[in-house]
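Colleague: For reference, this is target_20.cif, and it has mmCIF, C-alpha atoms.
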data_upload
loop_
_atom_site.label_atom_id
_atom_site.label_comp_id
_atom_site.auth_asym_id
_atom_site.auth_seq_id
_atom_site.Cartn_x
_atom_site.Cartn_y
_atom_site.Cartn_z
CA MET A 1 -7.75 138.14 83.31
CA ALA A 2 -6.72 140.82 85.83
CA GLY A 3 -3.79 143.02 84.89
CA ASP A 4 -1.65 141.76 87.75
CA GLU A 5 -2.09 138.06 86.87
CA VAL A 6 0.61 136.14 85.01
CA ALA A 7 -0.43 133.09 83.00
CA TYR A 8 1.95 130.37 81.89
CA GLU A 9 3.21 130.69 78.37
CA PRO A 10 6.14 128.94 76.66
CA VAL A 11 9.19 131.20 76.97
CA SER A 12 12.93 130.82 76.55
CA VAL A 13 14.36 130.47 80.06
CA LYS A 14 17.71 131.59 78.67
CA SER A 15 16.29 134.90 77.39
CA VAL A 16 14.32 135.50 80.59
CA VAL A 17 17.36 134.87 82.83
CA ALA A 18 19.50 137.13 80.61
CA GLU A 19 16.90 139.90 80.83
CA MET A 20 16.65 139.46 84.61
CA LYS A 21 20.43 139.78 84.92
CA ASP A 22 20.52 142.97 82.83
CA THR A 23 17.52 144.42 84.67
CA ALA A 24 18.98 143.66 88.10
CA GLU A 25 22.25 145.42 87.27
CA LEU A 26 20.37 148.42 85.87
CA LEU A 27 18.20 148.59 88.98
CA ILE A 28 21.25 148.85 91.24
CA ASP A 29 22.50 151.84 89.23
CA LEU A 30 19.14 153.59 89.12
CA SER A 31 18.21 153.11 92.77
CA TYR A 32 21.38 154.69 94.13
CA SER A 33 21.15 157.44 91.53
CA ALA A 34 17.61 158.22 92.70
CA VAL A 35 18.99 158.70 96.21
CA LEU A 36 21.90 160.83 95.01
CA LEU A 37 19.66 163.10 92.94
CA GLY A 38 16.70 163.00 95.30
CA SER A 39 14.78 162.29 92.10
CA ASP A 40 11.20 161.05 92.22
CA GLU A 41 11.35 160.48 88.44
CA VAL A 42 14.34 158.13 88.56
CA ALA A 43 12.87 156.39 91.63
CA ALA A 44 9.60 155.87 89.72
CA GLU A 45 11.54 154.20 86.90
CA VAL A 46 13.01 151.82 89.48
CA ILE A 47 9.55 150.85 90.71
CA GLU A 48 8.35 150.26 87.15
CA LEU A 49 11.35 148.05 86.38
CA GLU A 50 10.83 146.19 89.66
CA GLU A 51 7.28 145.37 88.54
CA ARG A 52 8.66 144.11 85.22
CA MET A 53 11.10 141.92 87.17
CA ASP A 54 8.20 140.39 89.14
CA VAL A 55 6.66 139.21 85.86
CA LEU A 56 9.99 137.88 84.56
CA GLN A 57 10.72 135.86 87.68
CA MET A 58 7.23 134.36 87.69
CA ARG A 59 7.56 133.28 84.05
CA ALA A 60 11.03 131.86 84.72
CA ARG A 61 9.79 129.84 87.72
CA MET A 62 6.83 128.47 85.74
CA SER A 63 9.08 127.35 82.90
CA LEU A 64 11.57 125.75 85.28
CA LEU A 65 8.81 123.84 87.06
CA MET A 66 7.53 122.55 83.72
CA ALA A 67 11.06 121.46 82.75
CA ALA A 68 11.82 119.46 85.92
CA ARG A 69 10.50 115.93 85.30
CA SER A 70 12.93 113.93 87.45
CA PRO A 71 15.24 114.30 90.47
CA GLU A 72 18.14 114.65 88.03
CA ASP A 73 16.36 117.51 86.26
CA ALA A 74 15.67 119.20 89.59
CA GLU A 75 19.33 119.00 90.63
CA ALA A 76 20.50 120.41 87.31
CA LEU A 77 18.00 123.27 87.37
CA ALA A 78 18.54 124.23 91.03
CA PRO A 79 21.33 126.75 90.24
CA VAL A 80 19.10 128.34 87.58
CA LEU A 81 16.34 128.75 90.15
CA GLY A 82 18.91 130.24 92.54
CA MET A 83 19.91 132.85 89.98
CA VAL A 84 16.28 133.74 89.34
CA GLY A 85 15.63 134.17 93.07
CA ALA A 86 18.81 136.21 93.56
CA ALA A 87 17.93 138.59 90.73
CA GLU A 88 14.49 139.05 92.26
CA LYS A 89 16.09 139.86 95.65
CA ILE A 90 18.27 142.51 94.01
CA SER A 91 15.17 143.95 92.37
CA ASP A 92 13.29 144.09 95.67
CA ALA A 93 16.26 145.72 97.41
CA ALA A 94 16.52 148.33 94.65
CA GLY A 95 12.81 149.02 95.02
CA ASP A 96 13.26 149.53 98.76
CA ILE A 97 16.10 152.00 98.08
CA ALA A 98 13.88 153.92 95.64
CA LYS A 99 11.09 154.08 98.22
CA VAL A 100 13.43 155.99 100.53
CA VAL A 101 13.02 158.80 98.00
CA LEU A 102 9.38 158.28 96.97
CA GLU A 103 8.07 157.91 100.51
CA GLU A 104 10.28 160.74 101.77
CA VAL A 105 11.71 158.56 104.51
CA GLY A 106 14.58 161.01 104.73
CA LEU A 107 18.34 160.82 104.49
CA PRO A 108 21.05 162.92 106.13
CA GLU A 109 22.68 165.33 103.70
CA ALA A 110 25.99 163.56 104.37
CA MET A 111 24.65 160.68 102.29
CA ARG A 112 24.28 162.81 99.18
CA THR A 113 27.63 164.44 99.87
CA ALA A 114 29.38 161.06 99.79
CA LEU A 115 27.55 159.29 96.99
CA PRO A 116 28.80 161.40 94.06
CA GLU A 117 32.24 159.88 94.58
CA ALA A 118 30.74 156.39 94.56
CA LEU A 119 28.91 156.41 91.22
CA GLU A 120 28.59 158.21 87.96
CA THR A 121 25.61 160.47 87.41
CA VAL A 122 22.47 158.91 85.95
CA VAL A 123 19.89 161.20 84.38
CA ARG A 124 16.46 160.56 82.88
CA ALA A 125 15.76 162.48 79.68
CA THR A 126 12.75 162.53 77.37
CA ILE A 127 13.78 163.16 73.76
CA VAL A 128 11.96 166.21 72.39
CA PRO A 129 10.95 166.25 68.69
CA ASP A 130 13.41 168.99 67.70
CA SER A 131 16.37 167.36 69.50
CA ARG A 132 19.32 166.43 67.30
CA PHE A 133 19.07 162.99 68.93
CA ALA A 134 15.65 162.22 67.42
CA GLY A 135 15.99 159.85 64.46
CA GLU A 136 19.70 159.19 65.06
CA THR A 137 21.31 155.94 66.19
CA LEU A 138 23.58 155.86 69.22
CA GLY A 139 26.43 154.92 66.91
CA GLU A 140 25.82 158.01 64.76
CA LEU A 141 25.64 160.23 67.84
CA ASN A 142 28.93 158.80 69.18
CA LEU A 143 28.07 160.09 72.64
CA GLU A 144 30.39 157.88 74.67
CA THR A 145 33.49 158.92 72.70
CA GLU A 146 32.60 162.62 72.62
CA THR A 147 31.15 163.07 76.11
CA GLY A 148 31.88 159.91 78.12
CA VAL A 149 28.12 159.41 78.49
CA ARG A 150 26.35 156.21 77.48
CA ALA A 151 22.68 155.30 77.14
CA ILE A 152 21.98 152.45 79.55
CA ALA A 153 18.27 151.96 78.86
CA VAL A 154 15.43 153.26 76.70
CA ARG A 155 11.73 153.17 77.54
CA ARG A 156 9.49 153.47 74.49
CA ALA A 157 5.69 153.29 74.70
CA GLY A 158 5.94 151.52 78.05
CA GLU A 159 8.43 148.87 76.84
CA TRP A 160 12.03 148.74 78.05
CA LEU A 161 15.09 148.27 75.87
CA LEU A 162 18.04 147.37 78.09
CA ASN A 163 21.67 147.79 77.06
CA PRO A 164 20.99 149.65 73.79
CA ASP A 165 23.80 149.37 71.25
CA ALA A 166 25.22 151.41 68.36
CA GLU A 167 22.35 150.35 66.07
CA THR A 168 19.65 151.58 68.46
CA ALA A 169 17.82 154.59 67.00
CA LEU A 170 16.36 157.18 69.34
CA ARG A 171 12.92 158.64 68.69
CA ALA A 172 10.97 161.62 69.92
CA ASP A 173 9.24 160.88 73.26
CA ASP A 174 11.71 158.07 74.12
CA VAL A 175 12.64 158.13 77.79
CA VAL A 176 16.40 157.52 77.88
CA LEU A 177 18.54 156.85 80.94
CA PHE A 178 22.02 158.28 80.41
CA ARG A 179 25.03 157.58 82.64
CA GLY A 180 28.42 159.27 82.77
CA PRO A 181 30.52 162.10 84.21
CA ASP A 182 28.66 165.15 85.47
CA ASP A 183 29.77 167.59 82.76
CA GLY A 184 28.96 165.16 79.97
CA VAL A 185 25.57 164.28 81.43
CA ALA A 186 24.64 167.97 81.64
CA ALA A 187 25.46 168.53 77.95
CA VAL A 188 23.62 165.39 76.82
CA HIS A 189 20.54 166.21 78.93
CA GLU A 190 20.29 169.67 77.41
CA ALA A 191 20.72 168.34 73.85
CA ALA A 192 18.03 165.70 74.43
CA THR A 193 15.43 167.74 76.28
CA GLY A 194 16.22 171.34 75.41
CA GLU A 195 16.43 172.09 79.13
CA ALA A 196 19.46 172.74 81.31
CA TYR A 197 20.38 170.07 83.85
CA GLU A 198 20.96 171.27 87.40
CA ARG A 199 22.64 168.99 89.86
CA PRO A 200 21.94 169.63 93.56
CA GLU A 201 24.86 170.65 95.74
CA PRO A 202 24.26 169.15 99.19
CA PRO A 203 25.88 170.75 102.22
CA GLU A 204 28.62 169.01 104.17
CA SER A 205 28.00 167.27 107.45
CA GLU A 206 30.01 167.90 110.61
CA LEU A 207 28.96 164.74 112.48
CA SER A 208 31.95 162.40 112.52
CA ASP A 209 30.00 159.30 113.59
CA LEU A 210 27.39 159.96 110.92
CA GLU A 211 30.12 160.44 108.34
CA ARG A 212 31.61 157.08 109.31
CA ALA A 213 28.18 155.45 108.96
CA VAL A 214 27.75 157.01 105.53
CA ASP A 215 31.24 155.94 104.47
CA SER A 216 30.34 152.39 105.49
CA ILE A 217 27.26 152.40 103.23
CA VAL A 218 29.23 153.78 100.29
CA LEU A 219 31.83 151.02 100.72
CA MET A 220 29.06 148.44 101.15
CA LYS A 221 27.51 149.66 97.91
CA ASP A 222 30.80 149.38 96.02
CA MET A 223 31.48 145.91 97.38
CA GLY A 224 27.91 144.74 96.79
CA GLU A 225 28.03 145.81 93.14
CA LEU A 226 31.42 144.17 92.74
CA ALA A 227 30.12 140.99 94.35
CA VAL A 228 27.24 140.83 91.83
CA ASP A 229 29.65 141.31 88.93
CA LEU A 230 31.99 138.65 90.28
CA ALA A 231 29.14 136.24 90.93
CA TYR A 232 28.06 136.33 87.30
CA GLY A 233 31.71 136.02 86.30
CA ALA A 234 32.07 132.93 88.50
CA VAL A 235 29.09 131.37 86.74
CA LEU A 236 30.37 132.35 83.30
CA PHE A 237 33.81 130.83 83.85
CA ASP A 238 32.62 128.11 86.27
CA SER A 239 35.35 129.44 88.55
CA GLU A 240 35.36 128.45 92.20
CA GLU A 241 38.24 130.88 92.77
CA VAL A 242 36.14 133.86 91.63
CA ALA A 243 33.16 132.55 93.61
CA ARG A 244 35.38 132.50 96.73
CA GLU A 245 36.05 136.19 96.18
CA VAL A 246 32.28 136.72 96.34
CA VAL A 247 32.23 134.95 99.71
CA GLU A 248 34.98 137.23 101.01
CA LEU A 249 33.23 140.36 99.77
CA GLU A 250 29.91 139.30 101.27
CA ALA A 251 31.62 138.70 104.62
CA GLU A 252 33.21 142.15 104.44
CA VAL A 253 29.83 143.73 103.72
CA ASP A 254 28.42 141.96 106.79
CA ALA A 255 31.26 143.36 108.89
CA LEU A 256 30.65 146.85 107.52
CA GLN A 257 26.95 146.46 108.35
CA SER A 258 27.87 145.86 112.01
CA ARG A 259 30.12 148.92 112.08
CA PHE A 260 27.41 150.97 110.40
CA GLU A 261 24.90 150.04 113.08
CA ALA A 262 27.26 151.10 115.86
CA TRP A 263 28.10 154.46 114.27
CA THR A 264 24.46 155.18 113.45
CA LEU A 265 23.39 154.55 117.05
CA ARG A 266 26.10 156.92 118.26
CA ALA A 267 25.08 159.56 115.72
CA ALA A 268 21.43 159.26 116.78
CA SER A 269 22.30 160.75 120.16
CA ARG A 270 23.75 163.85 118.49
CA VAL A 271 21.01 164.80 116.03
CA ASP A 272 17.88 166.78 116.81
CA ASP A 273 15.61 164.23 115.12
CA PRO A 274 16.96 160.64 115.25
CA VAL A 275 14.03 159.52 113.06
CA SER A 276 15.72 161.38 110.21
CA LEU A 277 18.28 158.56 110.13
CA ARG A 278 15.62 155.99 109.23
CA GLY A 279 16.36 156.26 105.51
CA LEU A 280 20.01 155.52 106.20
CA VAL A 281 19.03 152.30 107.97
CA HIS A 282 16.79 151.31 105.03
CA LEU A 283 19.64 151.96 102.61
CA ALA A 284 22.13 149.86 104.60
CA ARG A 285 19.72 146.94 104.91
CA SER A 286 18.94 146.93 101.18
CA THR A 287 22.63 147.18 100.31
CA GLU A 288 23.39 144.15 102.47
CA VAL A 289 20.61 142.19 100.72
CA ILE A 290 22.29 142.86 97.36
CA SER A 291 25.56 141.29 98.56
CA ASP A 292 23.63 138.29 99.94
CA ALA A 293 21.99 137.86 96.53
CA ALA A 294 25.43 137.85 94.89
CA LEU A 295 26.40 134.94 97.13
CA GLU A 296 23.26 133.06 96.06
CA ILE A 297 24.15 133.55 92.38
CA SER A 298 27.52 131.89 92.90
CA GLU A 299 26.27 129.21 95.29
CA GLY A 300 26.01 126.52 92.61
CA VAL A 301 29.67 127.03 91.68
CA LEU A 302 30.71 126.91 95.33
CA ARG A 303 28.86 123.61 95.79
CA GLY A 304 30.54 122.07 92.78
CA LEU A 305 27.38 121.88 90.70
CA PRO A 306 28.05 122.15 86.97
CA THR A 307 26.84 125.35 85.35
CA HIS A 308 23.61 124.58 83.51
CA ALA A 309 23.73 125.33 79.79
CA VAL A 310 20.79 127.71 80.18
CA VAL A 311 22.68 129.79 82.76
CA ASP A 312 25.92 129.75 80.77
CA GLU A 313 24.18 130.90 77.59
CA ALA A 314 22.12 133.52 79.44
CA VAL A 315 25.18 135.12 81.03
CA ARG A 316 27.06 135.02 77.74
CA GLU A 317 24.05 136.55 75.97
CA SER A 318 24.22 139.53 78.30
CA ASP A 319 25.85 142.57 76.74
CA GLU A 320 28.31 142.95 79.61
CA ILE A 321 30.56 140.30 81.15
CA VAL A 322 33.31 140.27 83.75
CA CYS A 323 36.80 139.19 82.76
CA ARG A 324 39.77 138.46 85.02
CA VAL A 325 43.37 139.01 83.90
CA THR A 326 46.76 138.87 85.60
CA VAL A 327 49.17 141.65 84.66
CA ALA A 328 52.23 140.09 83.06
CA PRO A 329 55.73 141.48 83.72
CA GLY A 330 56.74 143.90 80.97
CA SER A 331 53.19 144.19 79.59
CA ALA A 332 51.56 147.51 78.72
CA LEU A 333 49.84 147.54 82.13
CA ASP A 334 52.94 146.78 84.20
CA GLY A 335 54.10 149.87 86.13
CA THR A 336 51.44 152.27 84.88
CA THR A 337 48.04 153.63 85.90
CA ILE A 338 44.54 152.98 84.61
CA GLY A 339 44.28 156.55 83.36
CA ALA A 340 47.67 156.61 81.66
CA GLN A 341 46.77 153.57 79.56
CA ARG A 342 43.28 154.93 78.74
CA ILE A 343 41.91 151.44 79.30
CA LYS A 344 38.24 152.39 78.88
CA ALA A 345 38.87 154.27 75.62
CA ARG A 346 41.21 151.64 74.17
CA THR A 347 39.29 148.49 75.09
CA GLY A 348 35.80 149.53 76.14
CA MET A 349 36.36 147.74 79.46
CA ARG A 350 35.70 149.35 82.84
CA VAL A 351 38.09 148.24 85.58
CA ILE A 352 35.98 147.35 88.61
CA ALA A 353 38.59 146.02 91.00
CA VAL A 354 42.29 145.33 91.41
CA ARG A 355 43.67 142.69 93.74
CA ARG A 356 47.19 143.44 94.87
CA THR A 357 49.90 140.88 95.34
CA ASP A 358 51.47 143.28 97.85
CA GLU A 359 49.24 143.40 100.94
CA SER A 360 51.46 145.84 102.86
CA GLU A 361 48.63 148.39 103.00
CA GLY A 362 46.47 145.89 104.87
CA ARG A 363 43.82 145.61 102.15
CA ASP A 364 44.33 143.54 99.06
CA TRP A 365 41.23 144.70 97.14
CA VAL A 366 41.03 148.12 95.53
CA VAL A 367 37.32 148.49 94.84
CA SER A 368 36.12 150.86 92.09
CA PRO A 369 39.66 152.02 91.21
CA GLY A 370 40.18 155.39 89.55
CA ALA A 371 42.42 156.85 86.86
CA GLU A 372 45.32 157.22 89.32
CA THR A 373 45.23 153.60 90.47
CA GLU A 374 48.60 151.97 89.76
CA LEU A 375 48.96 148.53 88.21
CA GLY A 376 51.89 146.17 88.47
CA ALA A 377 53.06 142.69 87.51
CA GLY A 378 51.09 140.00 89.30
CA ASP A 379 48.08 142.20 90.01
CA VAL A 380 44.74 140.54 89.26
CA VAL A 381 42.50 143.00 87.43
CA LEU A 382 38.77 142.56 87.04
CA ALA A 383 37.02 144.48 84.28
CA LYS A 384 33.50 144.66 82.90
CA GLY A 385 32.52 145.10 79.27
CA THR A 386 31.97 143.20 76.03
CA ARG A 387 33.65 139.94 75.03
CA THR A 388 35.52 141.73 72.24
CA GLY A 389 36.71 144.32 74.72
CA ALA A 390 37.78 141.54 77.09
CA ASP A 391 40.01 140.08 74.38
CA ARG A 392 41.65 143.47 73.79
CA PHE A 393 42.07 143.96 77.53
CA SER A 394 43.77 140.55 77.91
CA GLU A 395 46.23 141.47 75.17
CA LEU A 396 47.01 144.75 76.94
CA ALA A 397 47.71 142.89 80.18
CA GLY A 398 49.84 140.29 78.40
CA ASP A 399 47.59 137.58 79.82
CA GLY A 400 47.44 135.04 77.01
#
Would you mind writing the file's structure down as structure tokens?
Modeller:
Amino acid sequence: MAGDEVAYEPVSVKSVVAEMKDTAELLIDLSYSAVLLGSDEVAAEVIELEERMDVLQMRARMSLLMAARSPEDAEALAPVLGMVGAAEKISDAAGDIAKVVLEEVGLPEAMRTALPEALETVVRATIVPDSRFAGETLGELNLETETGVRAIAVRRAGEWLLNPDAETALRADDVVLFRGPDDGVAAVHEAATGEAYERPEPPESELSDLERAVDSIVLMKDMGELAVDLAYGAVLFDSEEVAREVVELEAEVDALQSRFEAWTLRAASRVDDPVSLRGLVHLARSTEVISDAALEISEGVLRGLPTHAVVDEAVRESDEIVCRVTVAPGSALDGTTIGAQRIKARTGMRVIAVRRTDESEGRDWVVSPGAETELGAGDVVLAKGTRTGADRFSELAGDG
């Protein structure tokens, strides 16, 4: 059988959907990081993972078709099929973003100037035999506590291990994707490879319309990622309220897309080579596709269809979940900041958004909040992490 053919074989739909979810989220991280770093290596990893996703979605569709034996079965499995299709769309969009780098479509330097503020650094490192990492588990290395850097994926002999945990041992020749703050990533890269890590310093842009277009994409990226997280959270908790937030975010991304198009057309008249903006257009289109896919993930919840057991178990099986808490008056989070409470260090949860009860600033969502973001009673806080971490985070917020 040809190498690109996929034959039917009995598989656990739950495990396939869980792997597709984890892979889709990893692909979003890697694709934007490839753009930020201008890295062919990271972009190539995206393409390889995208090919893996093609196989996963084909196997999932085959298994679902075999399982549907009646109209009732078809109705129950429709949301599962929607999640499979949405994950595949995210994968394709990530691949298109990576091709901006691999095919040298070109991006204005303003894009790489803005992106560092929108995501942590991701670096690809091959473990050399004499590295102190070789033969050690991630728990023994304690990288996240010491450096703020975490291993998000390991490729070993062509096979991917997503969401490695404390028991995962690293070996010589493993290709590891590390994510974290710039200083920490530099130290980890050098310890793993024996080579210094140099991050490019892009020049600033002086084109105001172009800067506005770039700012729109960065905000679209943040909202698209948040929408994906919320969509899986809506499925996990069978929450129409959370699913409605996905609808609002998707609508905002659409509005930003319109603004982006206007500012890009204006900027095109002020640059020597308007074709150089083609990569920016590709990036915006792919980013908008990701938010559309998030809406598809939550569509079953919005239509009142019960969450299929396969989907519920697959999302729960994923290493990371989204939890939603309301800050209680007098709790540890009332009247403080994210940084002051050291939420990530204390609970392992990463705050991804805060919804204010006070809309005086004209925008109720704070997307990708930072250490200085203030929290208060009544604020709805969304965080991503493990179920154990979610329990600790709920206690901190006083949300019983």
Colleague: May I ask for the distance between atom CA of A:Thr347 and atom CA of A:Ala377, given in Å to one decimal place?
Modeller: 19.4 Å
Colleague: Residues at most 8 Å from stretch 181-188 of chain A, counting all atoms listed in the file, excluding those fewer than 5 positions away in the same chain, as a list of chain:residue names?
Modeller: A:Glu120, A:Thr121, A:Val122, A:Val123, A:Thr147, A:Gly148, A:Val149, A:Ala196, A:Tyr197, A:Glu198
Colleague: Write out as a PyMOL selection string which residues come within 7 Å of stretch 83-92 of chain A when counting all atoms listed in the file, dropping same-chain ones fewer than 4 positions away.
Modeller: chain A and resi 17+20-21+24+27+50+53+57+79+96+290+293-294+296-297
Colleague: Using only C-alpha atoms, which residue out of A:Leu141, A:Leu26, A:Leu280, A:Leu177 lies closest to A:Arg156?
Modeller: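 Among the listed residues, the smallest separation from A:Arg156 belongs to A:Leu177.
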Colleague: How would you write, as a PDB file with C-alpha atoms, in the coordinates of the input, the residues chosen by the PyMOL selection byres ((chain A and resi 233-244) around 10) on this structure?
Modeller:
ATOM      1  CA  PRO A  79      21.330 126.750  90.240  1.00  0.00           C
ATOM      2  CA  MET A  83      19.910 132.850  89.980  1.00  0.00           C
ATOM      3  CA  ALA A 227      30.120 140.990  94.350  1.00  0.00           C
ATOM      4  CA  VAL A 228      27.240 140.830  91.830  1.00  0.00           C
ATOM      5  CA  ASP A 229      29.650 141.310  88.930  1.00  0.00           C
ATOM      6  CA  LEU A 230      31.990 138.650  90.280  1.00  0.00           C
ATOM      7  CA  ALA A 231      29.140 136.240  90.930  1.00  0.00           C
ATOM      8  CA  TYR A 232      28.060 136.330  87.300  1.00  0.00           C
ATOM      9  CA  GLU A 245      36.050 136.190  96.180  1.00  0.00           C
ATOM     10  CA  VAL A 246      32.280 136.720  96.340  1.00  0.00           C
ATOM     11  CA  VAL A 247      32.230 134.950  99.710  1.00  0.00           C
ATOM     12  CA  GLU A 248      34.980 137.230 101.010  1.00  0.00           C
ATOM     13  CA  LEU A 249      33.230 140.360  99.770  1.00  0.00           C
ATOM     14  CA  GLU A 250      29.910 139.300 101.270  1.00  0.00           C
ATOM     15  CA  ALA A 294      25.430 137.850  94.890  1.00  0.00           C
ATOM     16  CA  LEU A 295      26.400 134.940  97.130  1.00  0.00           C
ATOM     17  CA  ILE A 297      24.150 133.550  92.380  1.00  0.00           C
ATOM     18  CA  SER A 298      27.520 131.890  92.900  1.00  0.00           C
ATOM     19  CA  GLU A 299      26.270 129.210  95.290  1.00  0.00           C
ATOM     20  CA  GLY A 300      26.010 126.520  92.610  1.00  0.00           C
ATOM     21  CA  VAL A 301      29.670 127.030  91.680  1.00  0.00           C
ATOM     22  CA  LEU A 302      30.710 126.910  95.330  1.00  0.00           C
ATOM     23  CA  ARG A 303      28.860 123.610  95.790  1.00  0.00           C
ATOM     24  CA  GLY A 304      30.540 122.070  92.780  1.00  0.00           C
ATOM     25  CA  LEU A 305      27.380 121.880  90.700  1.00  0.00           C
ATOM     26  CA  PRO A 306      28.050 122.150  86.970  1.00  0.00           C
ATOM     27  CA  THR A 307      26.840 125.350  85.350  1.00  0.00           C
ATOM     28  CA  HIS A 308      23.610 124.580  83.510  1.00  0.00           C
ATOM     29  CA  VAL A 311      22.680 129.790  82.760  1.00  0.00           C
ATOM     30  CA  ASP A 312      25.920 129.750  80.770  1.00  0.00           C
ATOM     31  CA  GLU A 313      24.180 130.900  77.590  1.00  0.00           C
ATOM     32  CA  ALA A 314      22.120 133.520  79.440  1.00  0.00           C
ATOM     33  CA  VAL A 315      25.180 135.120  81.030  1.00  0.00           C
ATOM     34  CA  ARG A 316      27.060 135.020  77.740  1.00  0.00           C
ATOM     35  CA  ILE A 321      30.560 140.300  81.150  1.00  0.00           C
ATOM     36  CA  VAL A 322      33.310 140.270  83.750  1.00  0.00           C
ATOM     37  CA  CYS A 323      36.800 139.190  82.760  1.00  0.00           C
ATOM     38  CA  ARG A 324      39.770 138.460  85.020  1.00  0.00           C
ATOM     39  CA  LEU A 382      38.770 142.560  87.040  1.00  0.00           C
ATOM     40  CA  LYS A 384      33.500 144.660  82.900  1.00  0.00           C
TER      41      LYS A 384
END
Colleague: Quick one: of A:Val289, A:Ala44, A:Ile343, A:Val327, who's nearest to A:Val101, counting all atoms listed in the file?
Modeller: A:Ala44
Colleague: Might you pull out every residue within 10 Å of stretch 251-258 of chain A, with all atoms listed in the file counted and same-chain residues fewer than 4 positions away left off, and present them as a PyMOL selection string?
Modeller: chain A and resi 213+215-217+219-224+227+245-247+262-263+281+284-285+287-292+295
Colleague: Kindly extract all protein, DNA and RNA residues lying within 10 Å of the coordinates (9.6, 132.3, 86.2) given in the file, considering only C-alpha atoms, and supply them as a list in words.
Modeller: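 These residues have at least one counted atom within 10 Å: Val6, Tyr8, Val11, Val13, Val16, Val17, Met53, Asp54, Val55, Leu56, Gln57, Met58, Arg59, Ala60, Arg61, Met62, Ser63, Leu64, Leu65, Leu81, Val84 and Gly85 of chain A.
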Colleague: Can you work out the spacing between atom CA of A:Glu75 and atom CA of A:Glu25 in Å, to one decimal?
Modeller: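 Taking atom CA of A:Glu75 as the start and atom CA of A:Glu25 as the end point, the length is 26.8 Å.
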Colleague: Could you please determine the separation between atom CA of A:Glu19 and atom CA of A:Leu162 in Å, to one decimal place?
Modeller: 8.0 Å
Colleague: List as a list in words the protein and nucleic acid residues near A:Pro129, meaning an atom at most 10 Å away when only C-alpha atoms are counted, but skip any in the same chain fewer than 2 places from it.
Modeller: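 The residues satisfying every condition are Thr126, Ile127, Ser131, Arg132, Phe133, Ala134, Gly135, Arg171, Ala172, Asp173, Asp174, Ala192, Thr193 and Gly194 of chain A.
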Colleague: Taking into account only C-alpha atoms, which residue in the set A:Ala166, A:Ala74, A:Leu277, A:Ala328 is nearest to A:Asn142?
Modeller: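 Among the listed residues, the smallest separation from A:Asn142 belongs to A:Ala166.
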Colleague: Would you write out, as a PDB file with C-alpha atoms, in the frame of the given file, every residue that the PyMOL selection byres ((chain A and resi 264) around 10) captures in this file?
Modeller:
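And here's expr.pdb as it stands now:
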ATOM      1  CA  ASP A 209      30.000 159.300 113.590  1.00  0.00           C
ATOM      2  CA  LEU A 210      27.390 159.960 110.920  1.00  0.00           C
ATOM      3  CA  GLU A 211      30.120 160.440 108.340  1.00  0.00           C
ATOM      4  CA  ARG A 212      31.610 157.080 109.310  1.00  0.00           C
ATOM      5  CA  ALA A 213      28.180 155.450 108.960  1.00  0.00           C
ATOM      6  CA  VAL A 214      27.750 157.010 105.530  1.00  0.00           C
ATOM      7  CA  ARG A 259      30.120 148.920 112.080  1.00  0.00           C
ATOM      8  CA  PHE A 260      27.410 150.970 110.400  1.00  0.00           C
ATOM      9  CA  GLU A 261      24.900 150.040 113.080  1.00  0.00           C
ATOM     10  CA  ALA A 262      27.260 151.100 115.860  1.00  0.00           C
ATOM     11  CA  TRP A 263      28.100 154.460 114.270  1.00  0.00           C
ATOM     12  CA  LEU A 265      23.390 154.550 117.050  1.00  0.00           C
ATOM     13  CA  ARG A 266      26.100 156.920 118.260  1.00  0.00           C
ATOM     14  CA  ALA A 267      25.080 159.560 115.720  1.00  0.00           C
ATOM     15  CA  ALA A 268      21.430 159.260 116.780  1.00  0.00           C
ATOM     16  CA  SER A 269      22.300 160.750 120.160  1.00  0.00           C
ATOM     17  CA  PRO A 274      16.960 160.640 115.250  1.00  0.00           C
ATOM     18  CA  LEU A 277      18.280 158.560 110.130  1.00  0.00           C
ATOM     19  CA  ARG A 278      15.620 155.990 109.230  1.00  0.00           C
ATOM     20  CA  LEU A 280      20.010 155.520 106.200  1.00  0.00           C
ATOM     21  CA  VAL A 281      19.030 152.300 107.970  1.00  0.00           C
TER      22      VAL A 281
END
Colleague: Would you please work out which residue, of A:Thr23, A:Thr326, A:Ser15, A:Thr337, is nearest to A:Arg355 when using all atoms listed in the file?
Modeller: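 Checking each of A:Thr23, A:Thr326, A:Ser15, A:Thr337 against A:Arg355, counting all atoms listed in the file, the winner is A:Thr326.
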Colleague: Would you please work out which residue, of A:Gly385, A:Gly158, A:Ile97, A:Phe178, is nearest to A:Glu144 when using all atoms listed in the file?
Modeller: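 Among the listed residues, the smallest separation from A:Glu144 belongs to A:Phe178.
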Colleague: Where does the PyMOL selection byres ((chain A and resi 344) around 10) land in this file, that is, which residues does it pick, as a list in words?
Modeller: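 Checked against the file, the PyMOL selection byres ((chain A and resi 344) around 10) matches Gly148, Ile338, Gly339, Gln341, Arg342, Ile343, Ala345, Arg346, Thr347, Gly348, Met349, Arg350, Val351, Ala383, Lys384, Gly385, Gly389 and Phe393 of chain A.
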Colleague: The residues within 12 Å of (10.0, 161.2, 101.7), using only C-alpha atoms and the coordinates of the file, should be reported as JSON, numbers by chain; which are they?
Modeller: {"A": [35, 38, 39, 40, 43, 97, 98, 99, 100, 101, 102, 103, 104, 105, 106, 107, 276, 278, 279]}
Colleague: Mind working out the centre and edge lengths of an axis-aligned box for stretch 237-255 of chain A, all listed atoms inside, 3 Å added to each side, rounded to one decimal in Å and written as AutoDock Vina command-line options?
Modeller:
--center_x 33.3 --center_y 135.9 --center_z 96.4 --size_x 15.8 --size_y 21.6 --size_z 31.0
